[in-house]
$ cat structure.tsv   # TSV, C-alpha atoms and all ligand atoms
chain	number	residue	atom	x	y	z
A	1	MET	CA	0.00	0.00	0.00
A	2	ALA	CA	1.30	3.43	-0.84
A	3	GLN	CA	1.85	5.61	2.17
A	4	PRO	CA	1.09	9.30	1.96
A	5	ILE	CA	4.40	11.10	1.63
A	6	ALA	CA	5.28	13.25	4.60
A	7	LEU	CA	7.09	16.35	3.42
A	8	SER	CA	9.60	18.00	5.68
A	9	LYS	CA	9.19	21.68	6.50
A	10	GLY	CA	12.09	22.59	4.21
A	11	VAL	CA	10.65	20.69	1.25
A	12	ARG	CA	7.17	22.19	1.80
A	13	ARG	CA	8.73	25.63	1.83
A	14	ALA	CA	10.72	24.92	-1.35
A	15	VAL	CA	7.60	23.66	-3.12
A	16	ARG	CA	5.67	26.73	-2.04
A	17	LEU	CA	8.49	28.97	-3.20
A	18	GLU	CA	8.68	27.29	-6.55
A	19	GLU	CA	4.93	27.60	-7.10
A	20	GLY	CA	5.10	31.16	-5.88
A	21	LEU	CA	7.79	32.18	-8.35
A	22	SER	CA	6.74	30.19	-11.38
A	23	GLU	CA	4.09	32.75	-12.23
A	24	PHE	CA	6.75	35.48	-12.51
A	25	SER	CA	8.82	35.89	-15.62
A	26	THR	CA	12.61	36.02	-15.51
A	27	GLN	CA	12.36	39.71	-16.34
A	28	ASP	CA	9.95	40.29	-13.42
A	29	MET	CA	12.50	38.71	-11.11
A	30	LEU	CA	15.36	40.76	-12.53
A	31	ARG	CA	13.31	43.94	-11.98
A	32	GLU	CA	12.73	42.79	-8.40
A	33	ILE	CA	16.47	42.21	-7.91
A	34	LEU	CA	17.33	45.68	-9.29
A	35	GLY	CA	14.93	47.18	-6.76
A	36	ARG	CA	16.39	45.19	-3.90
A	37	PHE	CA	19.88	46.47	-4.65
A	38	GLY	CA	18.70	50.04	-4.40
A	39	GLU	CA	17.90	50.86	-8.01
A	40	ASP	CA	14.75	52.18	-9.61
A	41	PRO	CA	14.00	49.59	-12.30
A	42	SER	CA	11.58	51.93	-14.02
A	43	ARG	CA	14.10	54.64	-14.81
A	44	ASP	CA	15.01	55.16	-18.43
A	45	GLY	CA	18.40	53.47	-18.51
A	46	LEU	CA	17.08	50.37	-16.74
A	47	VAL	CA	13.76	49.76	-18.44
A	48	ALA	CA	15.22	47.35	-20.99
A	49	THR	CA	17.89	45.96	-18.67
A	50	PRO	CA	15.94	42.89	-17.50
A	51	SER	CA	15.33	41.87	-21.09
A	52	ARG	CA	19.01	42.40	-21.97
A	53	VAL	CA	20.20	40.47	-18.92
A	54	GLU	CA	17.86	37.61	-19.70
A	55	LYS	CA	19.21	37.36	-23.26
A	56	SER	CA	22.79	37.71	-22.17
A	57	MET	CA	22.45	35.06	-19.44
A	58	ALA	CA	20.79	32.69	-21.92
A	59	PHE	CA	23.82	33.13	-24.20
A	60	LEU	CA	26.37	32.77	-21.40
A	61	THR	CA	24.76	29.52	-20.25
A	62	LYS	CA	23.97	28.03	-23.66
A	63	GLY	CA	26.41	25.23	-23.00
A	64	TYR	CA	23.78	23.50	-20.86
A	65	ARG	CA	21.68	23.05	-23.97
A	66	GLU	CA	24.51	21.68	-26.12
A	67	ASP	CA	25.89	18.18	-26.15
A	68	PRO	CA	29.66	17.72	-26.62
A	69	ALA	CA	29.21	14.27	-28.17
A	70	THR	CA	26.88	15.70	-30.82
A	71	ILE	CA	29.36	18.45	-31.66
A	72	LEU	CA	32.21	15.98	-32.13
A	73	ARG	CA	30.12	13.49	-34.09
A	74	GLY	CA	30.94	13.74	-37.77
A	75	ALA	CA	34.32	15.33	-36.99
A	76	LEU	CA	36.19	12.20	-35.90
A	77	PHE	CA	38.52	10.70	-38.46
A	78	ASP	CA	40.57	7.53	-38.69
A	79	GLU	CA	44.20	8.54	-39.05
A	80	ASP	CA	47.57	6.93	-38.37
A	81	TYR	CA	49.17	10.15	-37.15
A	82	ASP	CA	50.69	9.54	-33.73
A	83	GLU	CA	52.50	12.76	-32.84
A	84	MET	CA	51.21	15.38	-30.45
A	85	VAL	CA	48.31	17.48	-31.77
A	86	ILE	CA	48.16	20.82	-30.00
A	87	VAL	CA	45.61	23.62	-30.21
A	88	LYS	CA	46.67	26.52	-28.07
A	89	ASP	CA	45.53	30.00	-27.06
A	90	ILE	CA	41.83	29.20	-27.32
A	91	GLU	CA	40.09	32.19	-25.73
A	92	ILE	CA	37.51	31.46	-23.06
A	93	PHE	CA	34.95	33.52	-21.23
A	94	SER	CA	33.09	31.71	-18.50
A	95	LEU	CA	31.17	32.49	-15.30
A	96	CYS	CA	32.27	31.31	-11.89
A	97	GLU	CA	29.50	29.39	-10.22
A	98	HIS	CA	30.14	30.91	-6.81
A	99	HIS	CA	29.63	34.55	-7.75
A	100	MET	CA	28.31	34.40	-11.31
A	101	LEU	CA	31.11	36.76	-12.30
A	102	PRO	CA	33.29	36.23	-15.35
A	103	PHE	CA	36.57	34.46	-15.50
A	104	PHE	CA	38.47	34.59	-18.77
A	105	GLY	CA	41.71	33.54	-20.32
A	106	LYS	CA	43.20	30.88	-22.53
A	107	VAL	CA	42.94	27.15	-22.95
A	108	HIS	CA	45.63	24.92	-24.43
A	109	VAL	CA	44.63	21.44	-25.53
A	110	ALA	CA	46.86	18.62	-26.70
A	111	TYR	CA	46.48	14.94	-27.38
A	112	ILE	CA	48.40	12.09	-28.94
A	113	PRO	CA	46.08	10.09	-31.21
A	114	LYS	CA	45.65	6.34	-31.24
A	115	GLY	CA	44.10	5.78	-34.67
A	116	ARG	CA	41.60	8.64	-34.58
A	117	VAL	CA	41.79	12.44	-34.68
A	118	ILE	CA	39.29	15.24	-34.09
A	119	GLY	CA	38.66	17.91	-36.74
A	120	LEU	CA	40.72	20.82	-35.45
A	121	SER	CA	37.95	23.39	-35.55
A	122	LYS	CA	35.87	21.25	-33.21
A	123	ILE	CA	38.24	21.65	-30.29
A	124	PRO	CA	37.46	25.33	-29.67
A	125	ARG	CA	33.76	24.46	-30.11
A	126	LEU	CA	34.10	21.77	-27.46
A	127	VAL	CA	35.84	24.18	-25.09
A	128	GLU	CA	33.02	26.66	-25.65
A	129	VAL	CA	30.31	24.17	-24.67
A	130	PHE	CA	31.83	23.74	-21.23
A	131	ALA	CA	32.81	27.38	-20.80
A	132	ARG	CA	29.25	28.57	-21.46
A	133	ARG	CA	28.02	27.14	-18.20
A	134	LEU	CA	28.47	28.14	-14.58
A	135	GLN	CA	31.88	26.72	-13.81
A	136	ILE	CA	34.85	26.43	-11.61
A	137	GLN	CA	38.12	26.49	-13.50
A	138	GLU	CA	39.23	23.08	-12.23
A	139	ARG	CA	36.08	21.34	-13.47
A	140	LEU	CA	36.16	23.13	-16.81
A	141	THR	CA	39.72	21.87	-17.32
A	142	ARG	CA	38.81	18.31	-16.42
A	143	GLN	CA	35.63	18.23	-18.54
A	144	ILE	CA	37.53	19.26	-21.68
A	145	ALA	CA	40.09	16.51	-21.12
A	146	ASP	CA	37.45	13.88	-20.38
A	147	ALA	CA	35.36	14.76	-23.43
A	148	ILE	CA	38.36	14.28	-25.73
A	149	GLN	CA	39.35	11.10	-23.97
A	150	ASP	CA	35.83	9.69	-24.34
A	151	ALA	CA	35.47	10.75	-27.98
A	152	ILE	CA	38.63	9.24	-29.48
A	153	GLU	CA	40.38	7.30	-26.70
A	154	PRO	CA	43.78	8.71	-27.61
A	155	GLN	CA	47.09	7.74	-25.99
A	156	GLY	CA	46.64	10.74	-23.76
A	157	VAL	CA	45.22	14.24	-23.37
A	158	GLY	CA	46.59	17.36	-21.73
A	159	VAL	CA	44.62	20.52	-20.99
A	160	VAL	CA	45.95	23.72	-19.42
A	161	VAL	CA	43.69	26.65	-18.54
A	162	GLU	CA	45.11	30.06	-17.56
A	163	ALA	CA	42.44	32.46	-16.39
A	164	ARG	CA	41.78	35.63	-14.43
A	165	HIS	CA	38.76	35.76	-12.19
A	166	LEU	CA	36.79	38.96	-11.84
A	167	CYS	CA	35.24	37.68	-8.61
A	168	MET	CA	38.71	37.87	-7.11
A	169	MET	CA	40.05	40.90	-8.98
A	170	MET	CA	37.03	43.16	-8.44
A	171	ARG	CA	36.75	42.30	-4.79
A	172	GLY	CA	40.45	42.91	-4.24
A	173	ILE	CA	41.28	39.33	-3.24
A	174	GLU	CA	43.68	38.76	-6.11
A	175	LYS	CA	46.38	41.07	-7.38
A	176	GLN	CA	45.12	42.53	-10.62
A	177	HIS	CA	47.57	40.77	-12.86
A	178	SER	CA	47.82	37.33	-11.34
A	179	SER	CA	46.18	34.42	-13.08
A	180	THR	CA	45.13	30.96	-12.02
A	181	VAL	CA	46.55	27.97	-13.89
A	182	THR	CA	44.89	24.56	-13.84
A	183	SER	CA	45.79	21.43	-15.74
A	184	ALA	CA	44.39	17.98	-16.43
A	185	MET	CA	46.68	15.25	-17.72
A	186	VAL	CA	45.30	11.92	-18.90
A	187	GLY	CA	47.06	8.77	-20.12
A	188	CYS	CA	50.56	9.34	-21.52
A	189	PHE	CA	50.43	13.03	-20.50
A	190	ARG	CA	50.97	11.83	-16.97
A	191	GLN	CA	54.47	10.82	-18.04
A	192	LYS	CA	56.99	13.51	-17.32
A	193	GLU	CA	58.49	13.72	-20.82
A	194	THR	CA	55.18	14.12	-22.63
A	195	ARG	CA	53.89	16.59	-20.08
A	196	LEU	CA	57.06	18.70	-20.35
A	197	GLU	CA	56.93	18.67	-24.15
A	198	PHE	CA	53.34	19.89	-24.02
A	199	LEU	CA	54.09	22.61	-21.46
A	200	SER	CA	57.10	23.86	-23.39
A	201	LEU	CA	55.03	24.05	-26.61
A	202	VAL	CA	52.42	26.04	-24.70
A	203	ARG	CA	55.04	28.49	-23.48
A	204	GLN	CA	56.31	29.26	-26.98
A	205	SER	CA	53.88	32.12	-27.25
A	206	GLY	CA	52.46	33.40	-30.50
A	207	SER	CA	54.42	31.07	-32.80
A	208	GLY	CA	52.84	29.78	-35.96
A	209	GLU	CA	49.42	31.23	-35.22
A	210	GLY	CA	47.73	33.09	-38.06
B	301	ZN	ZN	33.86	33.39	-7.94
$ encode --input "structure.tsv" --output "C-alpha cells" --more "lines below"
Ligand SMILES: [Zn+2]
Amino acid sequence: MAQPIALSKGVRRAVRLEEGLSEFSTQDMLREILGRFGEDPSRDGLVATPSRVEKSMAFLTKGYREDPATILRGALFDEDYDEMVIVKDIEIFSLCEHHMLPFFGKVHVAYIPKGRVIGLSKIPRLVEVFARRLQIQERLTRQIADAIQDAIEPQGVGVVVEARHLCMMMRGIEKQHSSTVTSAMVGCFRQKETRLEFLSLVRQSGSGEG
C-alpha cells in the first residue's frame, strides 16, 4: 500500500516557493532584484535591462543546452598520425559558479592520437560548450580533457587553462595581474616527458598562429 508522503518543513517551503515564483517571468525577477539592490528599475536606462540580462544570461549559459558528443560526431577521423596534436591560445569567457562573475583567459589542448583524430575546428567548439556554463576552472579543465578522452580514446590528453577571475580581482582578493593555472593530464600526458613537451610548446607564445 502506498503511504502518503510526509514532506519536511524545508521541502514544503521549497515547493511553495517554486509555485510562488513560477508565475513570474525572468524579467519580473530581474526587476525585483534591481529594486532590492537600491535601483529604480523603471528609470530610463534600466527599463530594458531585464530583457538584456535575460538574453545575455541565456547566451552565457547556452552550453547547458549543447551536447559535446553531438558536436564531435561527424568530426572524428581515422588517421595513423601519432604525434602530439596541439591547439593553443583558445580564448575562453566563463562564469564562476560561486559569484556568477566572469573568469576569462586561454585554454591549451593537446592529445596524442591512437588511430583517430578530431577535426581541429571542433576543439574550440568543445571548449566553448563547457565554458558557457556556470563553472569552476578546475572542473572546466577536467571536462575538456574527459570529453576528448571519451570521444577518441587517444594515448593521452593534456589541458591547461590560464584564467583571471573577476570575482577575485574586483573584490580585491587577487592582485590585478595574477592568473590561475589549472591542468588535467590523462594517459601518456601523466608521463613527465610528454607533459614537459606539451608545457614547453604552450610556453612558446604566438608562434605559428595566423
Ligand atoms: Zn567566484
$ closest_residue --input "structure.tsv" --among "A:Ser25, A:Gln135, A:Ser56, A:Ser179" --to "ligand ZN 301 (chain B)" --atoms "all atoms listed in the file"
A:Gln135
$ closest_residue --input "structure.tsv" --among "A:Glu19, A:Ala131, A:Arg125, A:Val87" --to "Gly63 of chain A" --atoms "only C-alpha atoms"
A:Ala131
$ closest_atom_pairs --input "structure.tsv" --of "chain A" --to "ligand ZN 301 (chain B)" --cutoff "10 Å" --atoms "all atoms listed in the file" --output "tab-separated table"
residue	atom	partner	partner_atom	distance
A:Leu95	CA	B:ZN301	ZN	7.9
A:Cys96	CA	B:ZN301	ZN	4.7
A:Glu97	CA	B:ZN301	ZN	6.3
A:His98	CA	B:ZN301	ZN	4.6
A:His99	CA	B:ZN301	ZN	4.4
A:Met100	CA	B:ZN301	ZN	6.6
A:Leu101	CA	B:ZN301	ZN	6.2
A:Pro102	CA	B:ZN301	ZN	8.0
A:Phe103	CA	B:ZN301	ZN	8.1
A:Gln135	CA	B:ZN301	ZN	9.1
A:Ile136	CA	B:ZN301	ZN	7.9
A:Gln137	CA	B:ZN301	ZN	9.8
A:His165	CA	B:ZN301	ZN	6.9
A:Leu166	CA	B:ZN301	ZN	7.4
A:Cys167	CA	B:ZN301	ZN	4.6
A:Met168	CA	B:ZN301	ZN	6.7
A:Met169	CA	B:ZN301	ZN	9.8
A:Arg171	CA	B:ZN301	ZN	9.9
$ atom_distance --input "structure.tsv" --atom1 "atom CA of Tyr64 of chain A" --atom2 "atom CA of Asp89 of chain A"
23.5 Å
$ atom_distance --input "structure.tsv" --atom1 "atom CA of Ala184 of chain A" --atom2 "atom CA of Val157 of chain A"
7.9 Å
$ closest_residue --input "structure.tsv" --among "A:Ile33, A:Val129, A:Arg73, A:Gly119" --to "Thr61 of chain A" --atoms "only C-alpha atoms"
A:Val129
$ closest_residue --input "structure.tsv" --among "A:Arg203, A:Lys106, A:Lys192, A:Arg142" --to "Arg164 of chain A" --atoms "only C-alpha atoms"
A:Lys106
$ residues_near_point --input "structure.tsv" --point "(43.6, 26.5, -12.1)" --cutoff "9 Å" --atoms "only C-alpha atoms" --output "list in words"
Ile136, Gln137, Glu138, Thr141, Val160, Val161, Glu162, Ala163, Ser179, Thr180, Val181, Thr182 and Ser183 of chain A
$ atom_distance --input "structure.tsv" --atom1 "atom CA of Arg116 of chain A" --atom2 "atom CA of Arg190 of chain A"
20.2 Å
$ residues_around --input "structure.tsv" --residues "Glu79 of chain A" --least-positions-apart "4" --cutoff "10 Å" --atoms "all atoms listed in the file" --output "NGL selection string"
:A and (113-118)
$ write_last_selection --input "structure.tsv" --atoms "C-alpha atoms" --output "CSV table (one decimal), in the coordinates of the input"
chain,number,residue,atom,x,y,z
A,113,PRO,CA,46.1,10.1,-31.2
A,114,LYS,CA,45.6,6.3,-31.2
A,115,GLY,CA,44.1,5.8,-34.7
A,116,ARG,CA,41.6,8.6,-34.6
A,117,VAL,CA,41.8,12.4,-34.7
A,118,ILE,CA,39.3,15.2,-34.1
$ closest_residue --input "structure.tsv" --among "A:Glu83, A:Glu128, A:Asp150, A:Glu91" --to "Glu197 of chain A" --atoms "all atoms listed in the file"
A:Glu83
$ closest_residue --input "structure.tsv" --among "A:Ile173, A:Ile148, A:Ala110, A:Leu120" --to "Ser200 of chain A" --atoms "all atoms listed in the file"
A:Ala110
$ residues_around --input "structure.tsv" --residues "Leu46 of chain A" --least-positions-apart "6" --cutoff "10 Å" --atoms "only C-alpha atoms" --output "PyMOL selection string"
chain A and resi 31+34+39-40+52
